[in-house]
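Text of data-v5.tsv, listed as TSV, N, CA and C atoms:
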chain	number	residue	atom	x	y	z
C	11	MET	N	94.95	94.12	100.66
C	11	MET	CA	95.32	94.08	99.26
C	11	MET	C	95.15	92.70	98.65
C	12	GLY	N	94.87	91.74	99.44
C	12	GLY	CA	94.66	90.39	98.91
C	12	GLY	C	95.97	89.68	98.66
C	13	ASP	N	95.91	88.79	97.69
C	13	ASP	CA	97.07	87.94	97.39
C	13	ASP	C	97.79	88.44	96.14
C	14	VAL	N	98.51	89.55	96.25
C	14	VAL	CA	99.22	90.07	95.09
C	14	VAL	C	100.70	89.71	95.20
C	15	ASN	N	101.32	89.54	94.05
C	15	ASN	CA	102.74	89.21	94.06
C	15	ASN	C	103.58	90.46	93.80
C	16	SER	N	104.88	90.31	93.89
C	16	SER	CA	105.77	91.47	93.77
C	16	SER	C	105.68	92.09	92.38
C	17	GLU	N	105.48	91.30	91.35
C	17	GLU	CA	105.39	91.85	89.99
C	17	GLU	C	104.16	92.75	89.83
C	18	GLU	N	103.05	92.31	90.38
C	18	GLU	CA	101.82	93.11	90.31
C	18	GLU	C	102.01	94.43	91.06
C	19	LEU	N	102.64	94.37	92.22
C	19	LEU	CA	102.88	95.59	93.00
C	19	LEU	C	103.84	96.53	92.27
C	20	GLN	N	104.87	95.97	91.63
C	20	GLN	CA	105.80	96.81	90.85
C	20	GLN	C	105.05	97.57	89.77
C	21	ARG	N	104.07	96.94	89.14
C	21	ARG	CA	103.30	97.59	88.07
C	21	ARG	C	102.45	98.74	88.61
C	22	ARG	N	102.11	98.71	89.87
C	22	ARG	CA	101.28	99.78	90.47
C	22	ARG	C	102.09	101.02	90.83
C	23	LEU	N	103.40	100.91	90.78
C	23	LEU	CA	104.27	102.04	91.12
C	23	LEU	C	104.64	102.83	89.87
C	24	PRO	N	104.94	104.13	90.00
C	24	PRO	CA	105.29	104.94	88.84
C	24	PRO	C	106.61	104.52	88.20
C	25	ALA	N	107.51	103.96	89.00
C	25	ALA	CA	108.80	103.45	88.52
C	25	ALA	C	109.12	102.21	89.33
C	26	ARG	N	109.83	101.27	88.72
C	26	ARG	CA	110.15	100.02	89.42
C	26	ARG	C	110.99	100.32	90.66
C	27	HIS	N	110.63	99.70	91.77
C	27	HIS	CA	111.35	99.90	93.03
C	27	HIS	C	112.53	98.93	93.08
C	28	GLN	N	113.72	99.47	93.22
C	28	GLN	CA	114.94	98.65	93.23
C	28	GLN	C	115.61	98.73	94.58
C	29	CYS	N	116.53	97.82	94.81
C	29	CYS	CA	117.21	97.77	96.11
C	29	CYS	C	117.80	99.12	96.49
C	30	LYS	N	118.45	99.80	95.56
C	30	LYS	CA	119.12	101.07	95.86
C	30	LYS	C	118.15	102.15	96.33
C	31	ASP	N	116.86	101.99	96.02
C	31	ASP	CA	115.85	102.99	96.40
C	31	ASP	C	115.29	102.75	97.80
C	32	CYS	N	115.69	101.67	98.43
C	32	CYS	CA	115.03	101.22	99.65
C	32	CYS	C	115.84	101.56	100.89
C	33	ASP	N	115.14	101.97	101.94
C	33	ASP	CA	115.84	102.26	103.19
C	33	ASP	C	116.16	100.98	103.97
C	34	LYS	N	115.74	99.82	103.47
C	34	LYS	CA	116.07	98.54	104.10
C	34	LYS	C	117.30	97.89	103.45
C	35	TRP	N	117.93	98.62	102.55
C	35	TRP	CA	119.11	98.12	101.84
C	35	TRP	C	120.26	99.07	102.13
C	36	TYR	N	121.39	98.51	102.52
C	36	TYR	CA	122.51	99.39	102.82
C	36	TYR	C	123.75	98.94	102.05
C	37	GLY	N	123.75	99.28	100.77
C	37	GLY	CA	124.86	98.90	99.90
C	37	GLY	C	125.99	99.91	99.94
C	38	GLN	N	127.10	99.48	99.42
C	38	GLN	CA	128.24	100.37	99.30
C	38	GLN	C	128.09	101.18	98.02
C	39	GLU	N	128.34	102.47	98.09
C	39	GLU	CA	128.15	103.32	96.94
C	39	GLU	C	129.05	102.93	95.77
C	40	ASP	N	130.28	102.51	96.07
C	40	ASP	CA	131.22	102.22	95.00
C	40	ASP	C	130.99	100.86	94.33
C	41	ASP	N	130.58	99.84	95.07
C	41	ASP	CA	130.40	98.53	94.43
C	41	ASP	C	128.93	98.14	94.26
C	42	GLU	N	128.02	98.91	94.88
C	42	GLU	CA	126.58	98.74	94.73
C	42	GLU	C	126.03	97.41	95.23
C	43	TYR	N	126.82	96.66	96.01
C	43	TYR	CA	126.33	95.43	96.62
C	43	TYR	C	126.10	95.67	98.10
C	44	GLY	N	125.07	95.04	98.64
C	44	GLY	CA	124.83	95.18	100.06
C	44	GLY	C	123.69	94.29	100.50
C	45	PRO	N	123.52	94.12	101.80
C	45	PRO	CA	122.46	93.26	102.31
C	45	PRO	C	121.10	93.96	102.34
C	46	CYS	N	120.08	93.17	102.13
C	46	CYS	CA	118.69	93.61	102.28
C	46	CYS	C	118.27	93.21	103.68
C	47	MET	N	117.78	94.15	104.48
C	47	MET	CA	117.43	93.83	105.88
C	47	MET	C	116.28	92.84	105.98
C	48	TYR	N	115.37	92.83	104.99
C	48	TYR	CA	114.29	91.84	105.01
C	48	TYR	C	114.86	90.43	104.90
C	49	LYS	N	115.74	90.25	103.91
C	49	LYS	CA	116.33	88.92	103.69
C	49	LYS	C	117.24	88.55	104.86
C	50	HIS	N	117.97	89.54	105.34
C	50	HIS	CA	118.89	89.32	106.46
C	50	HIS	C	118.11	88.87	107.70
C	51	ALA	N	116.97	89.49	107.96
C	51	ALA	CA	116.17	89.15	109.13
C	51	ALA	C	115.63	87.72	109.05
C	52	ARG	N	115.37	87.26	107.83
C	52	ARG	CA	114.90	85.88	107.64
C	52	ARG	C	116.06	84.87	107.65
C	53	LYS	N	117.27	85.40	107.75
C	53	LYS	CA	118.49	84.58	107.76
C	53	LYS	C	118.64	83.77	106.47
C	54	GLU	N	118.28	84.40	105.35
C	54	GLU	CA	118.47	83.74	104.07
C	54	GLU	C	119.96	83.62	103.81
C	55	LYS	N	120.34	82.51	103.22
C	55	LYS	CA	121.75	82.21	103.03
C	55	LYS	C	122.45	83.29	102.19
C	56	ARG	N	121.86	83.67	101.05
C	56	ARG	CA	122.47	84.69	100.20
C	56	ARG	C	121.62	85.94	100.28
C	57	TYR	N	121.94	86.83	101.17
C	57	TYR	CA	121.12	88.03	101.34
C	57	TYR	C	121.78	89.27	100.77
C	58	VAL	N	122.94	89.13	100.14
C	58	VAL	CA	123.58	90.28	99.54
C	58	VAL	C	122.96	90.52	98.17
C	59	THR	N	122.49	91.73	97.95
C	59	THR	CA	121.81	92.05	96.70
C	59	THR	C	122.54	93.16	95.96
C	60	TYR	N	122.22	93.28	94.71
C	60	TYR	CA	122.77	94.31	93.84
C	60	TYR	C	121.82	95.49	93.84
C	61	GLY	N	122.33	96.70	93.87
C	61	GLY	CA	121.51	97.90	93.98
C	61	GLY	C	120.44	98.05	92.92
C	62	TYR	N	120.70	97.52	91.73
C	62	TYR	CA	119.75	97.69	90.63
C	62	TYR	C	118.84	96.49	90.44
C	63	HIS	N	118.78	95.60	91.42
C	63	HIS	CA	117.81	94.50	91.37
C	63	HIS	C	116.42	95.07	91.67
C	64	ASP	N	115.42	94.58	90.95
C	64	ASP	CA	114.05	94.93	91.29
C	64	ASP	C	113.71	94.31	92.63
C	65	CYS	N	113.06	95.07	93.48
C	65	CYS	CA	112.65	94.56	94.78
C	65	CYS	C	111.64	93.43	94.61
C	66	ASP	N	111.77	92.38	95.41
C	66	ASP	CA	110.81	91.27	95.37
C	66	ASP	C	110.16	91.07	96.74
C	67	GLU	N	110.35	92.04	97.63
C	67	GLU	CA	109.79	91.94	98.98
C	67	GLU	C	108.37	92.51	98.98
C	68	VAL	N	107.38	91.64	99.07
C	68	VAL	CA	105.98	92.06	98.98
C	68	VAL	C	105.64	93.09	100.05
C	69	GLU	N	106.13	92.87	101.26
C	69	GLU	CA	105.85	93.81	102.36
C	69	GLU	C	106.32	95.22	102.02
C	70	GLU	N	107.53	95.33	101.50
C	70	GLU	CA	108.08	96.63	101.13
C	70	GLU	C	107.31	97.24	99.96
C	71	LEU	N	107.00	96.44	98.96
C	71	LEU	CA	106.28	96.95	97.80
C	71	LEU	C	104.88	97.41	98.16
C	72	GLN	N	104.22	96.69	99.05
C	72	GLN	CA	102.89	97.12	99.50
C	72	GLN	C	102.98	98.47	100.19
C	73	ARG	N	104.01	98.64	101.00
C	73	ARG	CA	104.21	99.91	101.70
C	73	ARG	C	104.43	101.04	100.69
C	74	ARG	N	105.23	100.76	99.67
C	74	ARG	CA	105.51	101.77	98.64
C	74	ARG	C	104.26	102.13	97.85
C	75	VAL	N	103.44	101.14	97.51
C	75	VAL	CA	102.20	101.39	96.78
C	75	VAL	C	101.28	102.26	97.62
C	76	GLU	N	101.17	101.96	98.91
C	76	GLU	CA	100.33	102.76	99.80
C	76	GLU	C	100.83	104.20	99.88
C	77	LEU	N	102.14	104.37	100.00
C	77	LEU	CA	102.72	105.73	100.04
C	77	LEU	C	102.42	106.48	98.74
C	78	TRP	N	102.56	105.78	97.61
C	78	TRP	CA	102.32	106.40	96.31
C	78	TRP	C	100.85	106.81	96.19
C	79	ARG	N	99.95	105.93	96.61
C	79	ARG	CA	98.52	106.25	96.55
C	79	ARG	C	98.18	107.45	97.44
C	80	ALA	N	98.77	107.49	98.63
C	80	ALA	CA	98.53	108.60	99.55
C	80	ALA	C	99.02	109.91	98.94
C	81	ARG	N	100.19	109.88	98.32
C	81	ARG	CA	100.74	111.07	97.68
C	81	ARG	C	99.85	111.54	96.55
C	82	MET	N	99.37	110.58	95.75
C	82	MET	CA	98.53	110.94	94.61
C	82	MET	C	97.21	111.56	95.08
C	83	SER	N	96.62	111.00	96.13
C	83	SER	CA	95.35	111.54	96.60
C	83	SER	C	95.55	112.92	97.24
C	84	GLU	N	96.69	113.15	97.88
C	84	GLU	CA	96.98	114.47	98.44
C	84	GLU	C	97.14	115.49	97.34
C	85	SER	N	97.87	115.13	96.29
C	85	SER	CA	98.11	116.10	95.21
C	85	SER	C	96.85	116.38	94.42
C	86	SER	N	95.96	115.40	94.29
C	86	SER	CA	94.70	115.65	93.58
C	86	SER	C	93.77	116.53	94.41
C	87	ARG	N	93.85	116.40	95.73
C	87	ARG	CA	93.03	117.26	96.60
C	87	ARG	C	93.52	118.70	96.60
C	88	SER	N	94.83	118.88	96.54
C	88	SER	CA	95.38	120.23	96.59
C	88	SER	C	95.38	120.89	95.21
C	89	GLY	N	95.10	120.12	94.18
C	89	GLY	CA	95.01	120.69	92.83
C	89	GLY	C	96.34	120.86	92.15
C	90	THR	N	97.39	120.24	92.64
C	90	THR	CA	98.69	120.37	91.99
C	90	THR	C	99.02	119.14	91.20

Kindly present the structure from the file in structure tokens form.
Amino acid sequence: MGDVNSEELQRRLPARHQCKDCDKWYGQEDDEYGPCMYKHARKEKRYVTYGYHDCDEVEELQRRVELWRARMSESSRSGT
């Protein structure tokens, strides 16, 4: 995919990918704050994120774009 940033990847998705949508984020339902496993793995000092933050993890966004593209090509092949 080259050298794309998180904003460019967000634009390629049908809807902005937020922390709450990610399986690498495990927030509490009632307060919507929780750690991001990507940030946690890098041992970033402040890794607690808010569920409605736009994702800035390029690795995750690239994965989401690939999944979206695969889904779109499957649905165009099946005619739905």

Quick one: of C:Thr59, C:Val75, C:Arg81, C:Ser86, who's nearest to Leu23 in chain C, counting only N, CA and C atoms?
C:Val75

Write out as a ChimeraX atom specification which residues come within 8 Å of Leu19 in chain C when counting only C-alpha atoms, dropping same-chain ones fewer than 2 positions away.
/C:14-17,21-23,68,71-72,75

With all atoms listed in the file as the counted atoms, please give the residues lying no more than 8 Å from Asp64 in chain C, apart from itself and same-chain residues fewer than 4 positions off, as a list in words.
Arg26, His27, Gln28, Cys29, Lys30 and Tyr60 of chain C

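CA of Tyr43 in chain C is found 10.2 Å from CA of Tyr57 in chain C.
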
Identify all residues of chain C in strand (DSSP E or B) (DSSP on the backbone) and supply them as an mmCIF file with N, CA and C atoms, keeping the file's coordinate frame.
data_model
loop_
_atom_site.group_PDB
_atom_site.id
_atom_site.type_symbol
_atom_site.label_atom_id
_atom_site.label_comp_id
_atom_site.auth_asym_id
_atom_site.auth_seq_id
_atom_site.Cartn_x
_atom_site.Cartn_y
_atom_site.Cartn_z
ATOM 1 N N GLN C 28 113.720 99.470 93.220
ATOM 2 C CA GLN C 28 114.940 98.650 93.230
ATOM 3 C C GLN C 28 115.610 98.730 94.580
ATOM 4 N N TRP C 35 117.930 98.620 102.550
ATOM 5 C CA TRP C 35 119.110 98.120 101.840
ATOM 6 C C TRP C 35 120.260 99.070 102.130
ATOM 7 N N TYR C 43 126.820 96.660 96.010
ATOM 8 C CA TYR C 43 126.330 95.430 96.620
ATOM 9 C C TYR C 43 126.100 95.670 98.100
ATOM 10 N N GLY C 44 125.070 95.040 98.640
ATOM 11 C CA GLY C 44 124.830 95.180 100.060
ATOM 12 C C GLY C 44 123.690 94.290 100.500
ATOM 13 N N PRO C 45 123.520 94.120 101.800
ATOM 14 C CA PRO C 45 122.460 93.260 102.310
ATOM 15 C C PRO C 45 121.100 93.960 102.340
ATOM 16 N N CYS C 46 120.080 93.170 102.130
ATOM 17 C CA CYS C 46 118.690 93.610 102.280
ATOM 18 C C CYS C 46 118.270 93.210 103.680
ATOM 19 N N VAL C 58 122.940 89.130 100.140
ATOM 20 C CA VAL C 58 123.580 90.280 99.540
ATOM 21 C C VAL C 58 122.960 90.520 98.170
ATOM 22 N N THR C 59 122.490 91.730 97.950
ATOM 23 C CA THR C 59 121.810 92.050 96.700
ATOM 24 C C THR C 59 122.540 93.160 95.960
ATOM 25 N N TYR C 60 122.220 93.280 94.710
ATOM 26 C CA TYR C 60 122.770 94.310 93.840
ATOM 27 C C TYR C 60 121.820 95.490 93.840
ATOM 28 N N ASP C 64 115.420 94.580 90.950
ATOM 29 C CA ASP C 64 114.050 94.930 91.290
ATOM 30 C C ASP C 64 113.710 94.310 92.630
#

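With distances restricted to only N, CA and C atoms, C:Asp31 is the closest residue to Tyr62 in chain C from C:Asp31, C:Glu76, C:His50, C:Glu84.
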
All alpha helix (DSSP H) positions in range 13-89 of chain C, as a ChimeraX atom specification:
/C:16-22,47-51,68-88

I'd like the interatomic distance between atom N of Glu70 in chain C and CA of Ser85 in chain C, to a tenth of an Å.
23.7 Å

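Across the model, the gap from atom N of Asp66 in chain C to atom C of Asp13 in chain C is 14.5 Å.
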